[in-house]
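Participant: Please find entry_37.txt (compact mmCIF, C-alpha atoms) on the next line:
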# COMPACT_ATOMS: atom_id res chain seq x y z
CA MET D 1 41.81 -12.31 6.42
CA LYS D 2 40.24 -15.33 4.76
CA GLU D 3 39.59 -17.25 7.96
CA MET D 4 38.07 -14.14 9.51
CA THR D 5 35.28 -13.90 6.95
CA GLN D 6 34.12 -17.45 7.52
CA ILE D 7 33.65 -18.33 11.15
CA GLN D 8 32.15 -21.79 11.08
CA ASP D 9 32.38 -22.64 14.73
CA VAL D 10 29.13 -21.43 16.32
CA SER D 11 30.44 -22.25 19.79
CA ARG D 12 32.53 -19.07 19.60
CA PHE D 13 29.29 -17.12 19.27
CA ASP D 14 27.48 -19.22 21.86
CA ARG D 15 30.18 -18.59 24.44
CA ILE D 16 29.49 -14.87 24.15
CA ILE D 17 25.71 -15.20 23.94
CA ASP D 18 25.64 -17.44 27.04
CA ARG D 19 27.10 -14.65 29.14
CA TYR D 20 23.86 -12.71 28.75
CA GLU D 21 20.21 -13.03 29.60
CA ARG D 22 17.96 -14.31 26.83
CA SER D 23 16.27 -11.00 26.26
CA GLU D 24 16.14 -8.39 23.54
CA GLU D 25 17.90 -5.89 25.79
CA SER D 26 21.07 -8.01 25.66
CA LEU D 27 21.38 -7.77 21.88
CA LEU D 28 23.50 -4.63 21.69
CA ALA D 29 25.90 -5.79 24.40
CA ILE D 30 26.34 -9.12 22.59
CA LEU D 31 26.98 -7.37 19.28
CA GLN D 32 29.58 -5.20 21.01
CA ASP D 33 31.26 -8.34 22.34
CA PHE D 34 31.24 -9.86 18.84
CA GLN D 35 32.87 -6.67 17.61
CA ARG D 36 35.57 -6.89 20.27
CA GLU D 37 36.23 -10.58 19.73
CA PHE D 38 36.18 -10.74 15.91
CA HIS D 39 36.92 -7.07 15.17
CA TYR D 40 33.63 -6.99 13.30
CA VAL D 41 30.14 -8.46 13.53
CA PRO D 42 30.13 -11.59 11.37
CA GLU D 43 27.06 -12.54 9.39
CA GLU D 44 27.12 -16.02 10.95
CA GLY D 45 27.08 -14.34 14.35
CA ILE D 46 23.94 -12.39 13.52
CA ARG D 47 22.25 -15.54 12.19
CA ARG D 48 23.20 -17.52 15.28
CA LEU D 49 22.10 -14.74 17.62
CA SER D 50 18.76 -14.57 15.83
CA GLU D 51 18.31 -18.32 16.20
CA VAL D 52 19.20 -18.45 19.90
CA MET D 53 17.30 -15.32 20.93
CA GLY D 54 14.31 -15.85 18.67
CA VAL D 55 14.70 -12.30 17.36
CA PRO D 56 14.34 -11.78 13.59
CA ALA D 57 17.70 -11.54 11.78
CA SER D 58 16.42 -8.45 9.99
CA LYS D 59 16.16 -6.60 13.30
CA ILE D 60 19.65 -7.54 14.43
CA TYR D 61 21.12 -6.68 11.03
CA ALA D 62 19.38 -3.30 11.22
CA MET D 63 21.05 -2.69 14.60
CA GLY D 64 24.40 -3.63 13.07
CA THR D 65 23.95 -1.04 10.33
CA PHE D 66 22.72 1.62 12.76
CA TYR D 67 25.52 1.80 15.32
CA LYS D 68 28.82 3.36 14.28
CA ALA D 69 30.60 1.25 16.90
CA LEU D 70 29.67 -1.93 15.03
CA SER D 71 31.20 -2.93 11.72
CA LEU D 72 29.69 -5.53 9.41
CA THR D 73 32.85 -5.92 7.37
CA PRO D 74 36.07 -7.41 8.76
CA ARG D 75 38.42 -4.93 10.36
CA GLY D 76 42.04 -5.01 11.37
CA ARG D 77 43.30 -6.30 14.71
CA HIS D 78 44.19 -2.70 15.55
CA THR D 79 42.20 0.41 14.76
CA ILE D 80 43.97 3.69 14.23
CA LYS D 81 41.71 6.72 14.36
CA VAL D 82 42.98 10.05 13.18
CA CYS D 83 40.93 12.95 14.46
CA THR D 84 40.14 15.31 11.61
CA GLY D 85 37.94 17.68 13.59
CA THR D 86 38.47 21.41 13.15
CA ALA D 87 41.23 21.84 15.74
CA CYS D 88 43.14 18.72 14.66
CA HIS D 89 42.69 19.62 11.02
CA LEU D 90 44.35 22.99 11.61
CA LYS D 91 47.09 21.39 13.67
CA GLY D 92 48.09 19.05 10.85
CA ALA D 93 45.80 15.99 10.93
CA PRO D 94 45.83 15.72 7.10
CA GLN D 95 49.61 15.21 7.12
CA ILE D 96 49.33 12.55 9.83
CA LEU D 97 46.68 10.78 7.82
CA GLU D 98 48.79 10.89 4.66
CA THR D 99 51.81 9.54 6.51
CA LEU D 100 49.80 6.61 7.89
CA GLU D 101 48.27 5.90 4.48
CA ARG D 102 51.72 5.85 2.89
CA GLU D 103 53.50 3.86 5.61
CA LEU D 104 50.76 1.29 6.15
CA ARG D 105 49.84 1.18 2.47
CA VAL D 106 46.14 1.57 3.16
CA LYS D 107 43.51 4.12 2.21
CA ARG D 108 41.53 5.94 4.88
CA ASN D 109 38.60 3.86 6.17
CA GLY D 110 40.33 0.78 4.79
CA THR D 111 42.06 -2.25 6.29
CA THR D 112 45.62 -3.34 5.53
CA GLU D 113 46.06 -6.49 3.47
CA ASP D 114 47.54 -8.43 6.39
CA GLY D 115 44.48 -7.56 8.52
CA GLU D 116 46.67 -5.79 11.06
CA PHE D 117 45.35 -2.23 10.88
CA THR D 118 42.18 -0.37 10.06
CA LEU D 119 42.70 3.34 9.44
CA GLU D 120 39.81 5.67 10.16
CA CYS D 121 39.05 9.35 10.26
CA VAL D 122 36.89 10.59 13.11
CA ASN D 123 35.40 14.03 13.36
CA CYS D 124 36.22 15.05 16.91
CA VAL D 125 37.24 12.97 19.88
CA GLY D 126 36.71 15.83 22.33
CA ALA D 127 40.36 16.34 23.12
CA CYS D 128 41.02 19.47 21.06
CA ALA D 129 43.56 20.80 23.57
CA MET D 130 45.77 17.86 22.61
CA ALA D 131 45.38 18.43 18.86
CA PRO D 132 46.28 16.76 16.64
CA VAL D 133 44.99 13.56 18.22
CA THR D 134 45.59 10.02 17.03
CA LEU D 135 43.96 7.01 18.68
CA VAL D 136 45.58 3.61 18.54
CA ASP D 137 42.91 1.16 19.64
CA GLU D 138 41.55 2.90 22.76
CA VAL D 139 44.67 4.90 23.63
CA TYR D 140 44.76 8.65 22.97
CA HIS D 141 48.00 10.16 21.66
CA GLY D 142 48.08 13.96 21.74
CA LYS D 143 50.21 16.45 19.80
CA THR D 144 51.19 13.78 17.29
CA ARG D 145 53.64 14.66 14.49
CA PRO D 146 53.81 13.01 11.08
CA SER D 147 57.46 12.08 11.76
CA LYS D 148 56.57 10.42 15.08
CA VAL D 149 53.22 8.78 14.40
CA MET D 150 54.57 5.47 13.04
CA ASP D 151 56.86 5.13 16.07
CA ILE D 152 53.87 5.64 18.35
CA VAL D 153 51.87 3.01 16.51
CA ARG D 154 54.73 0.45 16.46
CA LYS D 155 55.61 1.02 20.09
CA GLN D 156 52.04 0.51 21.27
CA VAL D 157 51.23 -2.45 19.05
CA GLU D 158 54.45 -4.29 19.83
CA GLY D 159 53.83 -3.41 23.48
CA MET K 1 -15.59 2.81 24.34
CA GLU K 2 -15.97 6.38 25.43
CA LYS K 3 -17.55 8.59 22.79
CA ILE K 4 -16.43 12.17 22.55
CA SER K 5 -17.09 14.98 20.14
CA VAL K 6 -14.40 16.64 18.09
CA VAL K 7 -14.51 19.63 15.77
CA ILE K 8 -12.87 19.31 12.37
CA ASP K 9 -13.02 22.25 9.98
CA GLY K 10 -15.93 23.75 11.93
CA ARG K 11 -18.05 20.60 11.85
CA THR K 12 -18.67 18.52 14.97
CA PHE K 13 -18.26 14.75 14.85
CA GLU K 14 -18.77 11.93 17.31
CA ALA K 15 -15.82 9.59 17.63
CA GLU K 16 -14.36 7.03 19.96
CA LYS K 17 -11.75 8.51 22.27
CA ASP K 18 -8.19 8.02 20.99
CA THR K 19 -9.14 7.33 17.37
CA CYS K 20 -6.67 9.24 15.23
CA VAL K 21 -7.72 12.54 13.69
CA LEU K 22 -7.07 11.29 10.16
CA GLU K 23 -9.41 8.33 10.65
CA VAL K 24 -12.24 10.54 11.95
CA ALA K 25 -11.76 13.01 9.10
CA ARG K 26 -11.78 10.28 6.46
CA ARG K 27 -14.89 8.61 7.81
CA ASN K 28 -16.65 11.94 7.51
CA GLY K 29 -15.50 12.74 4.03
CA ILE K 30 -12.81 15.28 4.91
CA TYR K 31 -9.73 14.72 2.77
CA ILE K 32 -6.28 14.86 4.34
CA PRO K 33 -3.47 13.62 2.10
CA SER K 34 -1.23 10.92 3.60
CA LEU K 35 1.33 8.37 2.51
CA CYS K 36 2.73 6.28 5.32
CA TYR K 37 -0.52 5.62 7.19
CA ASN K 38 -2.59 2.51 6.70
CA SER K 39 -5.65 2.06 8.91
CA GLU K 40 -5.08 -1.71 8.98
CA VAL K 41 -1.57 -1.37 10.37
CA THR K 42 -1.38 -0.15 13.98
CA SER K 43 2.34 0.55 13.84
CA SER K 44 2.07 2.65 10.67
CA GLY K 45 2.09 6.41 10.39
CA GLY K 46 3.94 9.40 11.73
CA SER K 47 6.83 9.39 9.31
CA CYS K 48 5.89 11.05 6.01
CA ARG K 49 4.60 14.28 7.62
CA VAL K 50 2.19 14.89 4.73
CA CYS K 51 -0.96 14.66 6.88
CA LEU K 52 -0.07 17.65 9.09
CA VAL K 53 -3.02 19.60 10.51
CA GLU K 54 -3.56 22.33 13.06
CA ALA K 55 -4.64 20.96 16.45
CA HIS K 56 -6.21 23.57 18.71
CA GLN K 57 -6.58 22.60 22.33
CA GLY K 58 -6.66 24.54 25.57
CA GLY K 59 -6.10 27.83 23.78
CA ARG K 60 -2.95 26.60 22.08
CA MET K 61 -2.23 25.43 18.55
CA ARG K 62 0.23 22.83 17.38
CA LEU K 63 0.93 21.33 14.00
CA VAL K 64 0.53 17.58 14.38
CA THR K 65 0.49 14.52 12.15
CA SER K 66 -3.20 13.65 12.00
CA CYS K 67 -2.48 9.93 11.44
CA ASN K 68 -1.23 9.43 14.99
CA TYR K 69 -2.87 12.26 16.90
CA PRO K 70 -5.64 10.96 19.16
CA VAL K 71 -8.96 12.78 19.36
CA ARG K 72 -9.66 14.04 22.85
CA LYS K 73 -12.33 16.13 24.44
CA GLY K 74 -12.19 19.79 23.43
CA LEU K 75 -9.97 19.22 20.41
CA GLU K 76 -10.52 21.39 17.38
CA VAL K 77 -8.75 20.50 14.16
CA LYS K 78 -8.22 22.66 11.09
CA THR K 79 -7.10 20.88 7.96
CA ASP K 80 -7.33 23.64 5.42
CA THR K 81 -5.50 26.73 6.67
CA PRO K 82 -2.74 28.72 4.92
CA LEU K 83 -0.22 27.48 7.51
CA VAL K 84 -1.09 23.82 6.93
CA HIS K 85 -0.71 24.24 3.18
CA ARG K 86 2.54 26.17 3.48
CA ILE K 87 4.17 23.56 5.71
CA ARG K 88 2.79 20.71 3.60
CA ARG K 89 4.25 22.31 0.47
CA GLY K 90 7.64 22.29 2.18
CA VAL K 91 7.27 18.63 3.13
CA LEU K 92 6.23 17.71 -0.40
CA GLU K 93 9.06 19.70 -1.92
CA LEU K 94 11.55 17.71 0.15
CA LEU K 95 9.88 14.43 -0.76
CA LEU K 96 9.91 15.42 -4.41
CA ALA K 97 13.63 16.15 -4.21
CA ARG K 98 14.15 12.75 -2.66
CA VAL K 99 12.08 10.72 -5.13
CA PRO K 100 11.61 12.82 -8.28
CA ASP K 101 10.59 9.70 -10.21
CA SER K 102 7.62 8.77 -8.07
CA GLU K 103 4.34 9.54 -9.85
CA VAL K 104 2.46 9.44 -6.54
CA ILE K 105 4.66 12.13 -5.01
CA ARG K 106 4.65 14.21 -8.18
CA GLU K 107 0.85 14.17 -8.29
CA MET K 108 0.46 14.92 -4.60
CA ALA K 109 2.97 17.76 -4.81
CA ALA K 110 1.34 19.17 -7.94
CA ALA K 111 -2.03 19.18 -6.16
CA GLU K 112 -0.45 21.53 -3.60
CA GLY K 113 1.14 23.57 -6.38
CA VAL K 114 4.67 22.20 -6.01
CA THR K 115 6.24 21.23 -9.33
CA GLU K 116 9.81 22.44 -8.91
CA VAL K 117 12.26 21.86 -6.09
CA ARG K 118 14.93 24.21 -4.80
CA PHE K 119 17.03 21.33 -3.46
CA ARG K 120 19.47 19.00 -5.11
CA LYS K 121 17.50 16.08 -6.47
CA ASP K 122 18.35 12.50 -5.62
CA GLU K 123 18.66 10.90 -9.01
CA GLY K 124 17.61 7.30 -8.91
CA GLU K 125 20.45 4.91 -9.35
CA ASN K 126 19.70 2.66 -6.41
CA GLU K 127 16.81 0.74 -4.95
CA ARG K 128 15.40 3.59 -2.96
CA TYR K 129 14.59 5.36 -6.19
CA LYS K 130 10.93 5.82 -5.25
CA CYS K 131 11.27 4.99 -1.58
CA ILE K 132 10.49 7.69 0.99
CA ALA K 133 11.74 5.48 3.87
CA CYS K 134 8.36 5.58 5.63
CA ALA K 135 8.78 2.00 6.93
CA LEU K 136 5.20 0.99 6.11
CA CYS K 137 6.53 -2.10 4.29
CA VAL K 138 8.55 -3.07 7.36
CA ASN K 139 5.55 -2.54 9.64
CA VAL K 140 3.28 -4.60 7.40
CA CYS K 141 5.81 -7.44 7.21
CA ALA K 142 6.20 -7.50 10.99
CA GLU K 143 2.71 -6.74 12.20
CA VAL K 144 0.36 -8.09 9.52
CA VAL K 145 2.34 -10.90 7.93
CA GLY K 146 4.42 -11.65 11.02
CA VAL K 147 7.61 -12.82 9.33
CA HIS K 148 10.01 -9.85 9.83
CA ALA K 149 11.79 -10.43 6.53
CA ILE K 150 12.77 -6.78 6.13
CA ALA K 151 13.86 -3.98 8.42
CA MET K 152 14.96 -0.36 8.08
CA VAL K 153 18.73 -0.49 7.70
CA GLU K 154 21.47 2.16 7.69
CA ARG K 155 20.72 5.59 9.10
CA GLY K 156 20.08 9.18 8.12
CA ALA K 157 19.82 9.81 4.40
CA ASP K 158 20.83 6.22 3.60
CA LYS K 159 18.01 4.66 5.59
CA LYS K 160 16.02 2.15 3.58
CA PRO K 161 14.09 -1.08 3.92
CA ALA K 162 16.17 -4.18 3.21
CA THR K 163 16.65 -7.85 3.94
CA PRO K 164 19.73 -8.78 6.01
CA TYR K 165 22.84 -8.18 3.87
CA ASN K 166 20.56 -7.48 0.90
CA LYS K 167 20.50 -11.21 0.36
CA PRO K 168 17.45 -13.40 -0.29
CA SER K 169 15.78 -13.68 3.11
CA ASP K 170 15.44 -17.05 4.87
CA VAL K 171 12.04 -16.10 6.20
CA CYS K 172 10.40 -14.08 3.38
CA ILE K 173 7.33 -15.90 2.05
CA GLY K 174 7.01 -13.78 -1.07
CA CYS K 175 3.50 -12.64 -0.21
CA GLY K 176 4.11 -9.17 -1.62
CA ALA K 177 2.21 -7.40 1.16
CA CYS K 178 5.08 -4.90 1.41
CA ALA K 179 4.86 -4.04 -2.28
CA TYR K 180 1.06 -3.79 -2.03
CA ALA K 181 1.21 -1.47 0.97
CA CYS K 182 4.01 0.77 -0.33
CA PRO K 183 2.51 4.21 -0.98
CA THR K 184 4.96 5.06 -3.76
CA GLY K 185 5.30 1.72 -5.53
CA ALA K 186 8.97 1.51 -4.66
CA ILE K 187 9.17 -2.23 -4.07
CA GLU K 188 9.77 -4.31 -7.15
CA LEU K 189 7.67 -7.43 -7.56
CA LYS K 190 8.02 -9.30 -10.82
CA GLU K 191 6.25 -12.40 -12.03
CA LYS K 192 7.18 -14.54 -14.98
CA ASP K 193 6.46 -18.18 -15.90
CA GLY K 194 4.99 -19.03 -12.52
CA VAL K 195 7.90 -17.53 -10.60
CA ARG K 196 7.63 -14.40 -8.47
CA ARG K 197 10.73 -12.34 -7.73
CA ILE K 198 10.81 -9.96 -4.77
CA TRP K 199 13.64 -8.83 -2.47
CA HIS K 200 16.21 -10.73 -4.63
CA LYS K 201 14.43 -14.03 -4.03
CA ASP K 202 12.50 -16.29 -6.41
CA PHE K 203 9.26 -17.93 -5.33
CA LYS K 204 7.57 -20.77 -7.14
CA MET K 205 3.86 -19.99 -7.50
CA VAL K 206 0.99 -22.41 -6.99
CA ARG K 207 -1.26 -22.62 -10.04
CA CYS K 208 -5.03 -22.64 -9.74
CA SER K 209 -6.28 -26.12 -10.66
CA VAL K 210 -9.18 -24.60 -12.60
CA CYS K 211 -7.79 -21.65 -14.54
CA GLY K 212 -4.07 -22.41 -14.32
CA THR K 213 -3.19 -18.93 -13.11
CA PRO K 214 -0.16 -18.84 -10.80
CA TYR K 215 -1.68 -16.98 -7.87
CA ILE K 216 0.13 -17.63 -4.57
CA PRO K 217 3.75 -18.48 -3.66
CA GLU K 218 4.24 -21.99 -2.29
CA ALA K 219 6.13 -20.48 0.63
CA GLN K 220 3.08 -18.38 1.51
CA VAL K 221 0.84 -21.47 1.48
CA ASP K 222 3.35 -23.19 3.80
CA TRP K 223 3.24 -20.18 6.12
CA ILE K 224 -0.55 -19.94 6.23
CA VAL K 225 -0.90 -23.70 6.77
CA SER K 226 1.64 -23.66 9.60
CA LYS K 227 0.01 -20.63 11.25
CA THR K 228 -3.68 -21.46 10.88
CA GLY K 229 -3.76 -25.21 10.37
CA LYS K 230 -5.90 -24.68 7.30
CA ASP K 231 -6.06 -27.62 4.88
CA ARG K 232 -3.49 -27.34 2.12
CA SER K 233 -6.01 -28.39 -0.53
CA PHE K 234 -7.84 -25.10 0.11
CA PHE K 235 -5.12 -23.40 -1.95
CA ASP K 236 -5.55 -25.67 -5.00
CA LYS K 237 -7.93 -23.14 -6.45
CA CYS K 238 -7.57 -19.38 -6.74
CA PRO K 239 -10.11 -17.14 -4.96
CA ASP K 240 -12.09 -16.79 -8.21
CA HIS K 241 -12.74 -20.54 -8.44
CA ARG K 242 -12.82 -21.50 -4.80
CA PHE K 243 -16.56 -21.66 -4.21
Let me see the structure of the file written as structure tokens.
Facilitator:
Amino acid sequence: MKEMTQIQDVSRFDRIIDRYERSEESLLAILQDFQREFHYVPEEGIRRLSEVMGVPASKIYAMGTFYKALSLTPRGRHTIKVCTGTACHLKGAPQILETLERELRVKRNGTTEDGEFTLECVNCVGACAMAPVTLVDEVYHGKTRPSKVMDIVRKQVEG
Amino acid sequence: MEKISVVIDGRTFEAEKDTCVLEVARRNGIYIPSLCYNSEVTSSGGSCRVCLVEAHQGGRMRLVTSCNYPVRKGLEVKTDTPLVHRIRRGVLELLLARVPDSEVIREMAAAEGVTEVRFRKDEGENERYKCIACALCVNVCAEVVGVHAIAMVERGADKKPATPYNKPSDVCIGCGACAYACPTGAIELKEKDGVRRIWHKDFKMVRCSVCGTPYIPEAQVDWIVSKTGKDRSFFDKCPDHRF
């Protein structure tokens, strides 16, 4: 986790920034790429982006706080989202969440100490027919059971 | 500019097309309360909703914010109707719930007869204590000062003006224009022993060579000099002793 909070090498940011046009419209796409690459939007990244694009850091920071898809604090290499919308809630999402919290030793909306997983609750992923739904990174797993959820996670992560 | 006539509260006024209703009313001595609008800041207005008025045009009526509603031919405005007051009372009640500690809001609400709120009050434990999130400070910093030190961060009920990461800003010049413009006095600006503190940052002040009063942050002098090319020695004396 330590090395993730301090990214000194600006070339890692520049490589991403260089893929885009030098215009304000590119900002969000670049921030999304930062998010994908570093699993969060680092402060140094925002400062560098501001410098290169000539856009005030305050504006870019404001964007970072606005979009749910961007995180300003370091996140795990894998994100597990447990849907806690109405249908999933009734179909046992709370038990799935508790199982993951216990097995991964992490609180909801927190990141494990080894930086491997971030556990999140989301309010509805629009797949209520598959309730309860658990997302591991971008993959949807329907009709998950507390007894099976850790297997699903391990299987997918270990590939 | 094209001159047109507009009717406000039954009186007819001449005004330049596209001037905002609030501006025309004020120039002619008609009072409309407002918070987030500043006539010197083009990007201000439209967020506090206090300046609502009835706009009658083409046989239809709409409630509009007078600070950003342009006067056009055939427009008739009513600022003092039961509907305007009822809606404004609602707006003020919500603002009062949000910032119960702001004297400005309390006074403005009391003037409309609102002293109690039916909503859960936001008790001030954070920096948006008196802040109504109108973004006038942000607009002033960007448009008038031109440094973009602050922006509106977070969203929804948490929205507030802030520097990146709530840290001392690299670009803030400590001019205090944001604090001056803030309609509710929500931005803290402290001065002690020739040092000004604003947005978590300390600024060394330049002292007037005549009276010794610390009157302008060094960083602001640097900014003005770099922008205008004005001679630095101009700032040796405060405005009271300059000429």
Participant: Give me, as a Markdown table, each residue of chain K that comes within 12 Å of chain D, together with its shortest interatomic pair and the distance in Å at one decimal, counting all atoms listed in the file, with rows ordered by chain and rising residue number.
Facilitator:
| residue | atom | partner | partner_atom | distance |
| --- | --- | --- | --- | --- |
| K:Val138 | CA | D:Ser58 | CA | 9.9 |
| K:Asn139 | CA | D:Lys59 | CA | 11.9 |
| K:Cys141 | CA | D:Ser58 | CA | 11.0 |
| K:Ala142 | CA | D:Pro56 | CA | 9.6 |
| K:Gly146 | CA | D:Pro56 | CA | 10.2 |
| K:Val147 | CA | D:Pro56 | CA | 8.0 |
| K:His148 | CA | D:Pro56 | CA | 6.1 |
| K:Ala149 | CA | D:Ser58 | CA | 6.1 |
| K:Ile150 | CA | D:Ser58 | CA | 5.6 |
| K:Ala151 | CA | D:Ser58 | CA | 5.4 |
| K:Met152 | CA | D:Ala62 | CA | 6.2 |
| K:Val153 | CA | D:Ala62 | CA | 4.6 |
| K:Glu154 | CA | D:Thr65 | CA | 4.8 |
| K:Arg155 | CA | D:Phe66 | CA | 5.8 |
| K:Gly156 | CA | D:Phe66 | CA | 9.3 |
| K:Asp158 | CA | D:Thr65 | CA | 10.4 |
| K:Lys159 | CA | D:Phe66 | CA | 9.1 |
| K:Lys160 | CA | D:Ala62 | CA | 10.0 |
| K:Pro161 | CA | D:Ala62 | CA | 9.3 |
| K:Ala162 | CA | D:Ser58 | CA | 8.0 |
| K:Thr163 | CA | D:Ser58 | CA | 6.1 |
| K:Pro164 | CA | D:Ser58 | CA | 5.2 |
| K:Tyr165 | CA | D:Tyr61 | CA | 7.5 |
| K:Asn166 | CA | D:Ser58 | CA | 10.0 |
| K:Lys167 | CA | D:Ser58 | CA | 10.8 |
| K:Pro168 | CA | D:Ser58 | CA | 11.5 |
| K:Ser169 | CA | D:Ser58 | CA | 8.7 |
| K:Asp170 | CA | D:Ala57 | CA | 9.1 |
| K:Val171 | CA | D:Pro56 | CA | 8.9 |
| K:Cys172 | CA | D:Ser58 | CA | 10.6 |
Participant: For a test of reading the model, state the distance in Å between CA of Trp223 in chain K and CA of Phe235 in chain K, rounded to one decimal.
Facilitator: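 Separation between CA of Trp223 in chain K and CA of Phe235 in chain K: 12.1 Å.
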Participant: Please identify all polymer residues within 8 Å of range 131-134 of chain D, counting all atoms listed in the file, omitting same-chain residues fewer than 3 positions from it, and present them as a PDB file with C-alpha atoms, in the coordinates of the input.
Facilitator:
ATOM      1  CA  ILE D  80      43.970   3.690  14.230  1.00  0.00           C
ATOM      2  CA  LYS D  81      41.710   6.720  14.360  1.00  0.00           C
ATOM      3  CA  VAL D  82      42.980  10.050  13.180  1.00  0.00           C
ATOM      4  CA  CYS D  83      40.930  12.950  14.460  1.00  0.00           C
ATOM      5  CA  ALA D  87      41.230  21.840  15.740  1.00  0.00           C
ATOM      6  CA  CYS D  88      43.140  18.720  14.660  1.00  0.00           C
ATOM      7  CA  HIS D  89      42.690  19.620  11.020  1.00  0.00           C
ATOM      8  CA  LYS D  91      47.090  21.390  13.670  1.00  0.00           C
ATOM      9  CA  GLY D  92      48.090  19.050  10.850  1.00  0.00           C
ATOM     10  CA  ALA D  93      45.800  15.990  10.930  1.00  0.00           C
ATOM     11  CA  VAL D 125      37.240  12.970  19.880  1.00  0.00           C
ATOM     12  CA  ALA D 127      40.360  16.340  23.120  1.00  0.00           C
ATOM     13  CA  CYS D 128      41.020  19.470  21.060  1.00  0.00           C
ATOM     14  CA  TYR D 140      44.760   8.650  22.970  1.00  0.00           C
ATOM     15  CA  HIS D 141      48.000  10.160  21.660  1.00  0.00           C
ATOM     16  CA  GLY D 142      48.080  13.960  21.740  1.00  0.00           C
ATOM     17  CA  LYS D 143      50.210  16.450  19.800  1.00  0.00           C
ATOM     18  CA  THR D 144      51.190  13.780  17.290  1.00  0.00           C
ATOM     19  CA  ARG D 145      53.640  14.660  14.490  1.00  0.00           C
TER      20      ARG D 145
END
Participant: May I have the residues within 7 Å of range 45-58 of chain K as a list in words, using all atoms listed in the file and disregarding those fewer than 4 positions away in the same chain?
Facilitator: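 Here the qualifying residues turn out to be Ile32, Pro33, Ser34, Leu35, Cys36, Tyr37, Arg62, Leu63, Val64, Thr65, Ser66, Cys67, Asn68, Gly74, Leu75, Glu76, Val77, Lys78, Thr79, Val84, Arg88, Val91 and Cys134 of chain K.
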Participant: Could you pull the residues within 12 Å of Arg36 in chain D, counting all atoms listed in the file, minus those fewer than 2 positions along the same chain, as JSON, numbers by chain?
Facilitator: {"D": [16, 29, 30, 31, 32, 33, 34, 38, 39, 40, 41, 42, 69, 70, 71, 74, 75, 76, 77, 78, 79, 137, 138]}
Participant: Give, as AutoDock Vina command-line options, the centre coordinates and the x, y and z edge lengths in Å to one decimal for an axis-aligned box around all listed atoms of range 215-229 of chain K, padded by 5 Å on each side.
Facilitator:
--center_x 1.2 --center_y -21.1 --center_z 1.7 --size_x 19.9 --size_y 18.2 --size_z 29.1
Participant: Kindly give the distance, in Å, that separates CA of Ser26 in chain D and CA of Arg12 in chain D, rounded to a single decimal.
Facilitator: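 CA of Arg12 in chain D lies 17.0 Å from CA of Ser26 in chain D.
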Participant: State, in Å with one decimal place, the distance from CA of Glu158 in chain D to CA of Gly110 in chain D.
Facilitator: 21.2 Å
Participant: Pick out the closest residue to Lys130 in chain K from this set: K:Gly90, K:Gly113, K:Pro70, K:Pro183. Count only C-alpha atoms.
Facilitator: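 Comparing K:Gly90, K:Gly113, K:Pro70, K:Pro183 against Lys130 in chain K, the winner is K:Pro183.
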Participant: Find the spatial neighbours of Ala25 in chain K, counting only C-alpha atoms, within a cut-off of 9 Å - ignore same-chain residues fewer than 5 positions away - and output them as number ranges by chain.
Facilitator: K: 8, 13, 20, 30-32
Participant: At a cut-off of 8 Å, using only C-alpha atoms, what residues contact Asn109 in chain D? Leave out same-chain residues fewer than 3 positions from it and give the result as an MDAnalysis selection string.
Facilitator: chainID D and resid 118:121
